[in-house]
Amino acid sequence: MNRRRLLQIAAAAQFANPFGPLAPAHAAAPPASRVRPGDPDWPSEAQWRQFGDQLGGDALVKVPSPFAPCLEAPAGPACTQFFKAVKNPYFLGDEIGLTQTLGWVDAWTSSPSVHAVAARSTADVVAAVDFARKNRLRLVVKGGGHSYQGTSNAPDSLLVWTRRMNQVRLHESFVAKGCDAQAAPTRAVSVGAGAIWAHVYDAVTTRGGGYVQGGGCMTVGVAGLVQSGGFGSFSKAYGLASGSLLEAEVVTADGRVRIANACSEPELFWGLKGGGGGSLGVVTRLTLKVHALPESFGAVNMTIKASSAAAFRRLIGLMVDFYAGSLHNPHWGEQIRLRPDNTLRLEMVFQGLSRSEAQAVWRPFLDAVEAEPEAFKIEFSPLKIVSTSARDFWSPTLIKRALGFISTDDRPGAPEGNVFWPGDQGQAGQVLHGYQSAWLPAALLHPERRPTLCDALFDASRHWRVSLHVNKGLAGAPPEAIAAARDTAMNPAVLDAFALVISGADGPPALPGVAGREPDAALARRQAAAIGRAVDELRKRVPQPGSYLSESNYFEPDWQRSFWGANYPRLLAAKDRYDPDGLFFVHHGVGSERWSADGFTRIA
């Protein structure tokens with residue numbers, strides 16, 4: 001046991017007293033390993049049949065391999081159709097054996113579970129948890145299946161699939177259970193764990209005229225995003241998705257159904273707000289605050305090409321000065337992208353401003369760029385600054401579909417509400433080559449430190465493309481959004497960060513072992529190395545910056561500190577209270593350091 005591990009255990013101990021003993025005195029020793037198919041203790045076919053009878057209907061599924069057609073006939077029509085279908089995120093989400101990302105070179109590959117419980121109710125989840133615990137099975141939880149870390153899949157496992165639990169219900173006046181004396185009624189929405197954000201936005205915004213803080217990508221699962229902390233395009237105004245969590249129903253490792261909120265199971269509730277999905281229990285329902293909807297949402301899109309590296313460094317300086325002075329506030333979010341070919345790509349959104357007000361904000365920056373035509377060239381898109389009714393922002397209107405502003409599920413008979421942003425389609429079926437992120441503190445925007453920031457961004461862009469996700473840092477957000485985020489398990493670095501910088505690379509859908517469809521491992525490793533060099537340029541100026549667990553390096557060496565900072569000991573204490581035997585395991589999840597990398601063998 002190393003020194004860091006001893007320090008973690010010692011620090012966790014200070015949080016243990018409020019919970020009582022970590023496990024009952026009569027409890028058996030934690031299991032040393034989990035069982036796989038072929039092991040003597042793997043459940044027999046009769047036991048699986050009995051379990052299926054207990055669940056009833058078609059809830060227990062023996063999962064077929066979705067990759068079988070390609071493994072059997074790589075050049076056949078079924079394999080060709082498969083690779084076409086995986087570019088539809090709704091197809092991926094509706095297939096029990098698939099994940100949105102097909103893998104990460106040298107890290108993980110999408111692999112179906114042996115059996116799955118296609119849960120229709122909380123009772124199904126309880127049954128799955130009890131069966132896994134009693135039979136020492138590796139348990140996996142999947143809702144939207146968007147995990148870059150591969151946490152929503154594992155071979156030789158039992159999957160709890162919550163996709164069918166997708167109900168969305170609006171409340172005009174909600175108070176969390178047991179909190180009547182402490183909280184005023186508020187508008188809220190209760191969402192099943194399998195729901196995705198496109199359908200929640202349809203219910204809350206398009207039809208309900210309210211706003212719920214969710215994800216920017218519409219096919220991300222609600223439960224996973226909230227448990228990871230949860231950023232969306234407008235988080236600079238409304239904060240974290242987890243900051244709006246009012247209550248959660250969750251099945252813990254002992255098979256109990258618990259209602260977690262600020263008044264009931266408060267430590268579990270706190271841990272669910274940013275502690276990571278699949279580590280403390282299976283969330284079956286969440287209730288989130290519904291905010292007032294602004295009149296309009298809008299977007300600014302443009303590309304600026306610099307004529308030389310020196311000109312690009314000056315362009316970065318212009319952009320950083322402009323951001324610090326005019327955009328570092330609740331009105332603005334999304335991305336500022338820097339590319340090695342000296343290109344600056346702006347993909348920004350705004351709220352609380354009219355189109356004319358947004359145009360006025362950007363006029364000084366555009367004037368400065370246009371004043372140097374020999375150095376900078378603006379590539380105008382047909383609609384550079386646009387706005388729309390906020391209520392229509394996520395609606396699949398005919399004009400938005402015709403202009404390519406929104407894409408739809410292309411399967412015959414697909415519901416009209418199955419929509420997604422065209423820019424997110426590249427993630428469907430992708431194979432990641434590398435991915436790293438780091439929070440940048442707002443102190444870097446102070447005038448005396450901006451040259452350091454600009455140099456770091458320029459130096460990073462020499463190695464690989466980087467993007468500033470300014471909605472994924474809460475500096476500049478309203479005080480109430482920051483206060484709500486402070487009461488979550490996320491790394492406190494997010495409170496003082498003006499942006500999350502991300503550098504990543506991916507390849508098209510690919511499958512190891514399928515001739516002509518295999519990932520390009522050599523290219524992936526070169527790109528991963530370039531990403532590492534790019535982010536290292538930022539770490540030189542911001543040592544130990546912290547990282548967002550959902551958008552981070554699979555190989556993060558110091559992940560406890562990076563993802564949770566000073567909050568990790570408290571999270572580990574919650575883990576010991578609610579899952580003392582480690583039934584719930586995910587890669588780089590709370591307590592995962594106690595298990596082998598595959599989650600099958602206890603090592604501490």
# chains A, B, ... in the order shown; residues from 1 in each chain; ligands from 1
>>> closest_atom_pairs(of="segment 228-255 of chain A", to="segment 126-143 of chain A", cutoff="9 Å", atoms="only C-alpha atoms", output="JSON lines")
{"residue": "A:Val251", "atom": "CA", "partner": "A:Val126", "partner_atom": "CA", "distance": 6.4}
{"residue": "A:Thr252", "atom": "CA", "partner": "A:Val129", "partner_atom": "CA", "distance": 8.0}
{"residue": "A:Ala253", "atom": "CA", "partner": "A:Val129", "partner_atom": "CA", "distance": 6.6}
{"residue": "A:Asp254", "atom": "CA", "partner": "A:Asp130", "partner_atom": "CA", "distance": 7.2}
{"residue": "A:Gly255", "atom": "CA", "partner": "A:Val126", "partner_atom": "CA", "distance": 5.3}
>>> residues_around(residues="Trp108 of chain A", least_positions_apart="2", cutoff="10 Å", atoms="only C-alpha atoms", output="tab-separated table (two decimals) with C-alpha atoms, in the first residue's frame")
chain	number	residue	atom	x	y	z
A	102	LEU	CA	-16.93	2.37	-29.85
A	103	GLY	CA	-13.67	2.55	-27.95
A	104	TRP	CA	-10.39	4.27	-27.20
A	105	VAL	CA	-7.19	2.94	-28.74
A	106	ASP	CA	-5.01	1.20	-26.13
A	110	SER	CA	-17.02	-1.48	-26.58
A	111	SER	CA	-17.96	-4.97	-25.41
A	148	TYR	CA	-15.65	8.38	-23.05
A	149	GLN	CA	-14.05	6.28	-20.31
A	150	GLY	CA	-15.99	3.15	-21.28
A	151	THR	CA	-17.81	2.96	-17.95
A	153	ASN	CA	-19.85	-1.35	-20.84
A	154	ALA	CA	-17.78	-4.31	-19.67
A	431	VAL	CA	-12.98	5.62	-31.70
A	432	LEU	CA	-11.01	7.97	-29.50
A	554	TYR	CA	-8.43	7.74	-19.68
>>> residues_around(residues="segment 77-81 of chain A", least_positions_apart="4", cutoff="10 Å", atoms="only C-alpha atoms", output="ChimeraX atom specification")
/A:66-73,85-86,514,517
>>> write_last_selection(atoms="N, CA, C and O atoms", output="mmCIF file, in the first residue's frame")
data_model
loop_
_atom_site.group_PDB
_atom_site.id
_atom_site.type_symbol
_atom_site.label_atom_id
_atom_site.label_comp_id
_atom_site.auth_asym_id
_atom_site.auth_seq_id
_atom_site.Cartn_x
_atom_site.Cartn_y
_atom_site.Cartn_z
ATOM 1 N N PRO A 66 -23.497 -7.249 -31.043
ATOM 2 C CA PRO A 66 -23.864 -6.440 -32.211
ATOM 3 C C PRO A 66 -22.787 -6.459 -33.285
ATOM 4 O O PRO A 66 -23.023 -6.033 -34.412
ATOM 5 N N PHE A 67 -21.598 -6.966 -32.923
ATOM 6 C CA PHE A 67 -20.475 -6.981 -33.856
ATOM 7 C C PHE A 67 -20.374 -8.284 -34.644
ATOM 8 O O PHE A 67 -19.510 -8.420 -35.511
ATOM 9 N N ALA A 68 -21.232 -9.247 -34.330
ATOM 10 C CA ALA A 68 -21.132 -10.573 -34.960
ATOM 11 C C ALA A 68 -21.155 -10.522 -36.487
ATOM 12 O O ALA A 68 -20.340 -11.188 -37.139
ATOM 13 N N PRO A 69 -22.045 -9.727 -37.129
ATOM 14 C CA PRO A 69 -22.048 -9.709 -38.601
ATOM 15 C C PRO A 69 -20.711 -9.283 -39.196
ATOM 16 O O PRO A 69 -20.297 -9.791 -40.240
ATOM 17 N N CYS A 70 -20.035 -8.351 -38.536
ATOM 18 C CA CYS A 70 -18.751 -7.876 -39.064
ATOM 19 C C CYS A 70 -17.625 -8.854 -38.767
ATOM 20 O O CYS A 70 -16.685 -8.997 -39.565
ATOM 21 N N LEU A 71 -17.685 -9.520 -37.629
ATOM 22 C CA LEU A 71 -16.658 -10.511 -37.317
ATOM 23 C C LEU A 71 -16.769 -11.714 -38.243
ATOM 24 O O LEU A 71 -15.773 -12.331 -38.605
ATOM 25 N N GLU A 72 -18.010 -12.033 -38.661
ATOM 26 C CA GLU A 72 -18.230 -13.186 -39.526
ATOM 27 C C GLU A 72 -17.976 -12.874 -40.999
ATOM 28 O O GLU A 72 -17.442 -13.707 -41.736
ATOM 29 N N ALA A 73 -18.362 -11.673 -41.429
ATOM 30 C CA ALA A 73 -18.225 -11.308 -42.851
ATOM 31 C C ALA A 73 -17.935 -9.816 -42.967
ATOM 32 O O ALA A 73 -18.850 -9.008 -43.177
ATOM 33 N N ALA A 85 -25.241 2.464 -39.833
ATOM 34 C CA ALA A 85 -26.193 2.701 -38.744
ATOM 35 C C ALA A 85 -25.550 3.356 -37.533
ATOM 36 O O ALA A 85 -26.193 4.156 -36.845
ATOM 37 N N VAL A 86 -24.278 3.037 -37.251
ATOM 38 C CA VAL A 86 -23.662 3.574 -36.030
ATOM 39 C C VAL A 86 -23.390 5.072 -36.113
ATOM 40 O O VAL A 86 -22.986 5.674 -35.115
ATOM 41 N N VAL A 514 -11.618 -6.778 -37.256
ATOM 42 C CA VAL A 514 -12.450 -6.776 -38.460
ATOM 43 C C VAL A 514 -11.618 -6.212 -39.611
ATOM 44 O O VAL A 514 -11.301 -5.021 -39.634
ATOM 45 N N ARG A 517 -11.595 -2.650 -41.214
ATOM 46 C CA ARG A 517 -12.369 -1.775 -40.321
ATOM 47 C C ARG A 517 -11.669 -1.578 -38.979
ATOM 48 O O ARG A 517 -12.281 -1.130 -38.025
#
>>> residues_around(residues="Phe405 of chain A", least_positions_apart="3", cutoff="8 Å", atoms="only C-alpha atoms", output="ChimeraX atom specification")
/A:400-402,421-422
>>> write_last_selection(atoms="N, CA and C atoms", output="short mmCIF file (atom, residue, chain, number, x, y, z; two decimals), in the first residue's frame")
data_model
loop_
_atom_site.label_atom_id
_atom_site.label_comp_id
_atom_site.auth_asym_id
_atom_site.auth_seq_id
_atom_site.Cartn_x
_atom_site.Cartn_y
_atom_site.Cartn_z
N LYS A 400 -35.45 24.59 -39.55
CA LYS A 400 -34.16 24.20 -38.97
C LYS A 400 -33.64 22.91 -39.60
N ARG A 401 -34.55 22.00 -39.90
CA ARG A 401 -34.13 20.78 -40.58
C ARG A 401 -33.68 21.08 -42.01
N ALA A 402 -34.42 21.95 -42.69
CA ALA A 402 -34.10 22.27 -44.09
C ALA A 402 -32.76 22.98 -44.21
N TRP A 421 -27.82 17.81 -32.62
CA TRP A 421 -27.07 18.84 -33.35
C TRP A 421 -26.15 18.17 -34.37
N PRO A 422 -26.10 18.67 -35.60
CA PRO A 422 -25.23 18.07 -36.62
C PRO A 422 -23.77 17.98 -36.18
#
>>> atom_distance(atom1="atom CA of Pro441 of chain A", atom2="atom CA of Leu500 of chain A")
9.1 Å
>>> residues_around(residues="His291 of chain A", least_positions_apart="3", cutoff="10 Å", atoms="only C-alpha atoms", output="list in words")
Thr186, Arg187, Ala188, Val204, Thr205, Gly209, Gly210, Tyr211, Val212, Gln213, Tyr238, Ser244, Leu288 and Pro294 of chain A
>>> select_by_dssp(residues="segment 459-583 of chain A", states="strand (DSSP E)", output="ChimeraX atom specification")
/A:466-469,497-507
>>> residues_around(residues="segment 334-341 of chain A", least_positions_apart="6", cutoff="7 Å", atoms="only C-alpha atoms", output="ChimeraX atom specification")
/A:233,347-349,461-471
>>> closest_residue(among="A:Ala181, A:Gln167, A:Gln100, A:Arg450", to="Lys87 of chain A", atoms="only C-alpha atoms")
A:Gln100
>>> atom_distance(atom1="atom CA of Ala306 of chain A", atom2="atom CA of His433 of chain A")
27.8 Å
>>> atom_distance(atom1="atom CA of Lys289 of chain A", atom2="atom CA of Thr219 of chain A")
20.3 Å
>>> residues_around(residues="Ala198 of chain A", least_positions_apart="5", cutoff="10 Å", atoms="only C-alpha atoms", output="PyMOL selection string")
chain A and resi 203+214-222+394-395+417-421
